There are 2 protein chains.
Amino acid sequence: MKYPIITIGRQHGSGGRTVAEQVAKALDIPLYDKLLIQLIAKESGFAEEYVKDTDMRKIQSFFYGMYIDSRNLPLEDQLYIAQSKVIKEVSEKGPCVIVGRCADYVLRERNDVLNVFIHAPLDQRIERVRDTYHEIEKDYTKYLKKLDKQRSNYYNHYTGRKWGTSDNYDLVYSTDLGVESVVKSIVYFAKGE
Amino acid sequence: MKYPIITIGRQHGSGGRTVAEQVAKALDIPLYDKLLIQLIAKESGFAEEYVKDTDMRKIQSFFYGMYIDSRNLPLEDQLYIAQSKVIKEVSEKGPCVIVGRCADYVLRERNDVLNVFIHAPLDQRIERVRDTYHEIEKDYTKYLKKLDKQRSNYYNHYTGRKWGTSDNYDLVYSTDLGVESVVKSIVYFAKGE
């Protein structure tokens, strides 16, 4: 396999998680999504529930210089450090798919990583969030814009890059093209045949 | 063909033009790149040389309200209007590949357009510009950053979108993955089989 490590960033409601699942299945390699959360919780000592939504919370760490060691860092930063460690460890074990969590940035020094970003038109995201994920919101547009903003702030804060900017990714797809086709295409590039 | 119209935006030196040529060839449909310049020159009355580098010049039109009709608009704006007209006309004639010129935005109301963006790592862009295009520059990094900035300003000014942002495109590729593979993938999605 030309790119044994595949990172998948995604907009909420884009179907990116489904794409990641199917890519992992097609290549018969582990998927680190929920499993990653468990490992990060174990590494950091935080509850899984806290680890789960880390990239959807407001960043509150502005006082790096004031802290002496990582135990004194803001919780978010401790979590980021633990999660980066886990991402590096799992990627060293062998081929895998990693969802979100700035994995593209954490693994930036490896040259065998395929970085993918998945998005979708807003109306399709709303439909997916409402009808498939059964999330109940008053204003879905506002809700998704807010999540995009939070995920973007999180990514930009920890990486110094811009979330969703084409240059960061080898491949970007709109799932409007069809989840199945997108999966096939990622598998094609990962195999590099 | 599921997407008979393919627009290709690209960074200078990314190989996007070569990708466009090969996609057009593989699908046996016209490529509007140099041909588009000739048609825009004819439509606008400007010299081909002036039309050619329009997206690499500084935007100077800030006084829309002051002009009464399009003949009195700044030259850049007259050119943008002429070019949008030509893009719409050629896309109505049948399947084709259109390179750059905000074609994704101009054709935004059609739902049979595949919008693609091509980029590449900086070192590969420098190599291509220097060794393949034989462009002579003192500082290639500065040169390419400047071109990105100008192309981005042009696109953002006329479209209200952000050049190179994933959301604008159905597909984004780094040619680091190999031009041939990228071409194959675009053809696959355009056919929609």
# chains A, B, ... in the order shown; residues from 1 in each chain; ligands from 1
call {"tool": "interface_residues", "arguments": {"of": "chain B", "to": "chain A", "cutoff": "9 Å", "atoms": "only C-alpha atoms", "output": "PyMOL selection string"}}
result
chain B and resi 117-121+164-167+169-177+181-182+185+188-189+192-193
call {"tool": "write_last_selection", "arguments": {"atoms": "C-alpha atoms", "output": "PDB file, in the first residue's frame"}}
result
ATOM      1  CA  PHE B 117      -9.122  22.365  -7.743  1.00  0.00           C
ATOM      2  CA  ILE B 118      -5.524  21.264  -8.280  1.00  0.00           C
ATOM      3  CA  HIS B 119      -2.619  22.106  -6.011  1.00  0.00           C
ATOM      4  CA  ALA B 120       0.867  20.746  -5.326  1.00  0.00           C
ATOM      5  CA  PRO B 121       3.600  20.985  -2.694  1.00  0.00           C
ATOM      6  CA  GLY B 164      -8.799  27.279  -2.762  1.00  0.00           C
ATOM      7  CA  THR B 165     -11.276  26.667   0.064  1.00  0.00           C
ATOM      8  CA  SER B 166     -12.467  23.056  -0.003  1.00  0.00           C
ATOM      9  CA  ASP B 167     -16.171  23.888   0.140  1.00  0.00           C
ATOM     10  CA  TYR B 169     -14.992  22.360  -5.029  1.00  0.00           C
ATOM     11  CA  ASP B 170     -16.422  18.875  -5.491  1.00  0.00           C
ATOM     12  CA  LEU B 171     -12.909  17.526  -5.752  1.00  0.00           C
ATOM     13  CA  VAL B 172      -9.472  18.742  -4.745  1.00  0.00           C
ATOM     14  CA  TYR B 173      -6.233  16.918  -5.586  1.00  0.00           C
ATOM     15  CA  SER B 174      -2.572  17.344  -4.896  1.00  0.00           C
ATOM     16  CA  THR B 175      -0.654  16.339  -8.032  1.00  0.00           C
ATOM     17  CA  ASP B 176       1.868  14.850  -5.621  1.00  0.00           C
ATOM     18  CA  LEU B 177      -0.415  11.808  -5.987  1.00  0.00           C
ATOM     19  CA  SER B 181      -3.988   8.998 -11.204  1.00  0.00           C
ATOM     20  CA  VAL B 182      -5.605  12.408 -10.689  1.00  0.00           C
ATOM     21  CA  SER B 185     -10.071   9.917 -10.835  1.00  0.00           C
ATOM     22  CA  TYR B 188     -14.287   8.461 -13.110  1.00  0.00           C
ATOM     23  CA  PHE B 189     -16.352  11.074 -11.264  1.00  0.00           C
ATOM     24  CA  GLY B 192     -20.420   8.937 -12.757  1.00  0.00           C
ATOM     25  CA  GLU B 193     -20.463   5.239 -13.554  1.00  0.00           C
TER      26      GLU B 193
END
call {"tool": "select_by_dssp", "arguments": {"residues": "chain B", "states": "strand (DSSP E)", "output": "number ranges by chain"}}
result
B: 5-10, 31-32, 96-99, 113-119, 171-174
call {"tool": "write_last_selection", "arguments": {"atoms": "N, CA, C and O atoms", "output": "CSV table (one decimal), in the first residue's frame"}}
result
chain,number,residue,atom,x,y,z
B,5,ILE,N,-19.8,19.2,-17.7
B,5,ILE,CA,-19.0,20.4,-17.6
B,5,ILE,C,-18.0,20.2,-16.5
B,5,ILE,O,-18.4,20.0,-15.3
B,6,ILE,N,-16.7,20.4,-16.7
B,6,ILE,CA,-15.7,20.2,-15.7
B,6,ILE,C,-14.9,21.6,-15.6
B,6,ILE,O,-14.3,22.0,-16.6
B,7,THR,N,-14.9,22.2,-14.4
B,7,THR,CA,-14.1,23.4,-14.3
B,7,THR,C,-12.9,23.0,-13.4
B,7,THR,O,-13.0,22.2,-12.5
B,8,ILE,N,-11.7,23.5,-13.8
B,8,ILE,CA,-10.5,23.2,-13.1
B,8,ILE,C,-9.8,24.5,-12.7
B,8,ILE,O,-9.3,25.2,-13.5
B,9,GLY,N,-9.8,24.8,-11.4
B,9,GLY,CA,-9.0,25.9,-10.8
B,9,GLY,C,-7.7,25.3,-10.4
B,9,GLY,O,-7.6,24.1,-10.1
B,10,ARG,N,-6.7,26.1,-10.4
B,10,ARG,CA,-5.4,25.5,-10.0
B,10,ARG,C,-4.4,26.5,-9.5
B,10,ARG,O,-4.4,27.7,-9.9
B,31,LEU,N,-11.3,21.5,-24.7
B,31,LEU,CA,-10.7,22.1,-23.5
B,31,LEU,C,-10.7,23.6,-23.8
B,31,LEU,O,-10.2,24.1,-24.8
B,32,TYR,N,-11.3,24.4,-22.8
B,32,TYR,CA,-11.2,25.8,-23.0
B,32,TYR,C,-10.2,26.4,-22.0
B,32,TYR,O,-10.4,26.5,-20.9
B,96,CYS,N,-17.5,20.0,-21.9
B,96,CYS,CA,-16.2,20.6,-22.0
B,96,CYS,C,-15.4,20.7,-20.7
B,96,CYS,O,-16.0,20.5,-19.6
B,97,VAL,N,-14.1,21.0,-20.8
B,97,VAL,CA,-13.3,21.3,-19.6
B,97,VAL,C,-12.9,22.8,-19.7
B,97,VAL,O,-12.4,23.3,-20.7
B,98,ILE,N,-13.2,23.5,-18.6
B,98,ILE,CA,-12.8,25.0,-18.6
B,98,ILE,C,-11.8,25.2,-17.5
B,98,ILE,O,-12.0,24.8,-16.3
B,99,VAL,N,-10.7,25.9,-17.8
B,99,VAL,CA,-9.6,26.1,-16.9
B,99,VAL,C,-9.7,27.5,-16.3
B,99,VAL,O,-9.8,28.5,-17.0
B,113,VAL,N,-22.2,20.4,-13.2
B,113,VAL,CA,-20.8,20.9,-13.3
B,113,VAL,C,-20.0,20.3,-12.2
B,113,VAL,O,-20.4,20.3,-11.0
B,114,LEU,N,-18.9,19.7,-12.6
B,114,LEU,CA,-17.9,19.1,-11.6
B,114,LEU,C,-16.8,20.1,-11.4
B,114,LEU,O,-16.0,20.5,-12.3
B,115,ASN,N,-16.7,20.7,-10.2
B,115,ASN,CA,-15.7,21.7,-9.9
B,115,ASN,C,-14.5,21.1,-9.2
B,115,ASN,O,-14.6,20.5,-8.1
B,116,VAL,N,-13.4,21.3,-9.8
B,116,VAL,CA,-12.1,20.7,-9.4
B,116,VAL,C,-11.1,21.7,-9.1
B,116,VAL,O,-11.0,22.7,-9.7
B,117,PHE,N,-10.3,21.5,-8.0
B,117,PHE,CA,-9.1,22.4,-7.7
B,117,PHE,C,-7.9,21.5,-7.6
B,117,PHE,O,-7.9,20.4,-7.0
B,118,ILE,N,-6.8,22.0,-8.3
B,118,ILE,CA,-5.5,21.3,-8.3
B,118,ILE,C,-4.4,22.1,-7.6
B,118,ILE,O,-4.2,23.2,-7.9
B,119,HIS,N,-3.8,21.4,-6.6
B,119,HIS,CA,-2.6,22.1,-6.0
B,119,HIS,C,-1.4,21.1,-5.9
B,119,HIS,O,-1.6,20.0,-6.4
B,171,LEU,N,-14.1,18.3,-5.8
B,171,LEU,CA,-12.9,17.5,-5.8
B,171,LEU,C,-11.7,18.4,-5.7
B,171,LEU,O,-11.6,19.4,-6.4
B,172,VAL,N,-10.8,18.1,-4.8
B,172,VAL,CA,-9.5,18.7,-4.7
B,172,VAL,C,-8.4,17.7,-4.7
B,172,VAL,O,-8.5,16.7,-4.0
B,173,TYR,N,-7.3,17.9,-5.5
B,173,TYR,CA,-6.2,16.9,-5.6
B,173,TYR,C,-4.9,17.6,-5.5
B,173,TYR,O,-4.7,18.7,-6.0
B,174,SER,N,-4.0,17.0,-4.8
B,174,SER,CA,-2.6,17.3,-4.9
B,174,SER,C,-2.0,16.5,-6.0
B,174,SER,O,-2.1,15.3,-6.0
call {"tool": "residues_around", "arguments": {"residues": "Arg101 of chain B", "least_positions_apart": "2", "cutoff": "9 Å", "atoms": "only C-alpha atoms", "output": "ChimeraX atom specification"}}
result
/B:9,54-55,80,83-84,87,98-99,103-106,155
call {"tool": "closest_residue", "arguments": {"among": "A:Phe46, A:Tyr143, A:Tyr154, A:Tyr3", "to": "Asn111 of chain A", "atoms": "only C-alpha atoms"}}
result
A:Tyr3
call {"tool": "atom_distance", "arguments": {"atom1": "atom CA of Glu92 of chain A", "atom2": "atom CA of Glu49 of chain A"}}
result
26.0 Å
call {"tool": "atom_distance", "arguments": {"atom1": "atom CA of Glu180 of chain A", "atom2": "atom CA of Leu35 of chain A"}}
result
23.4 Å
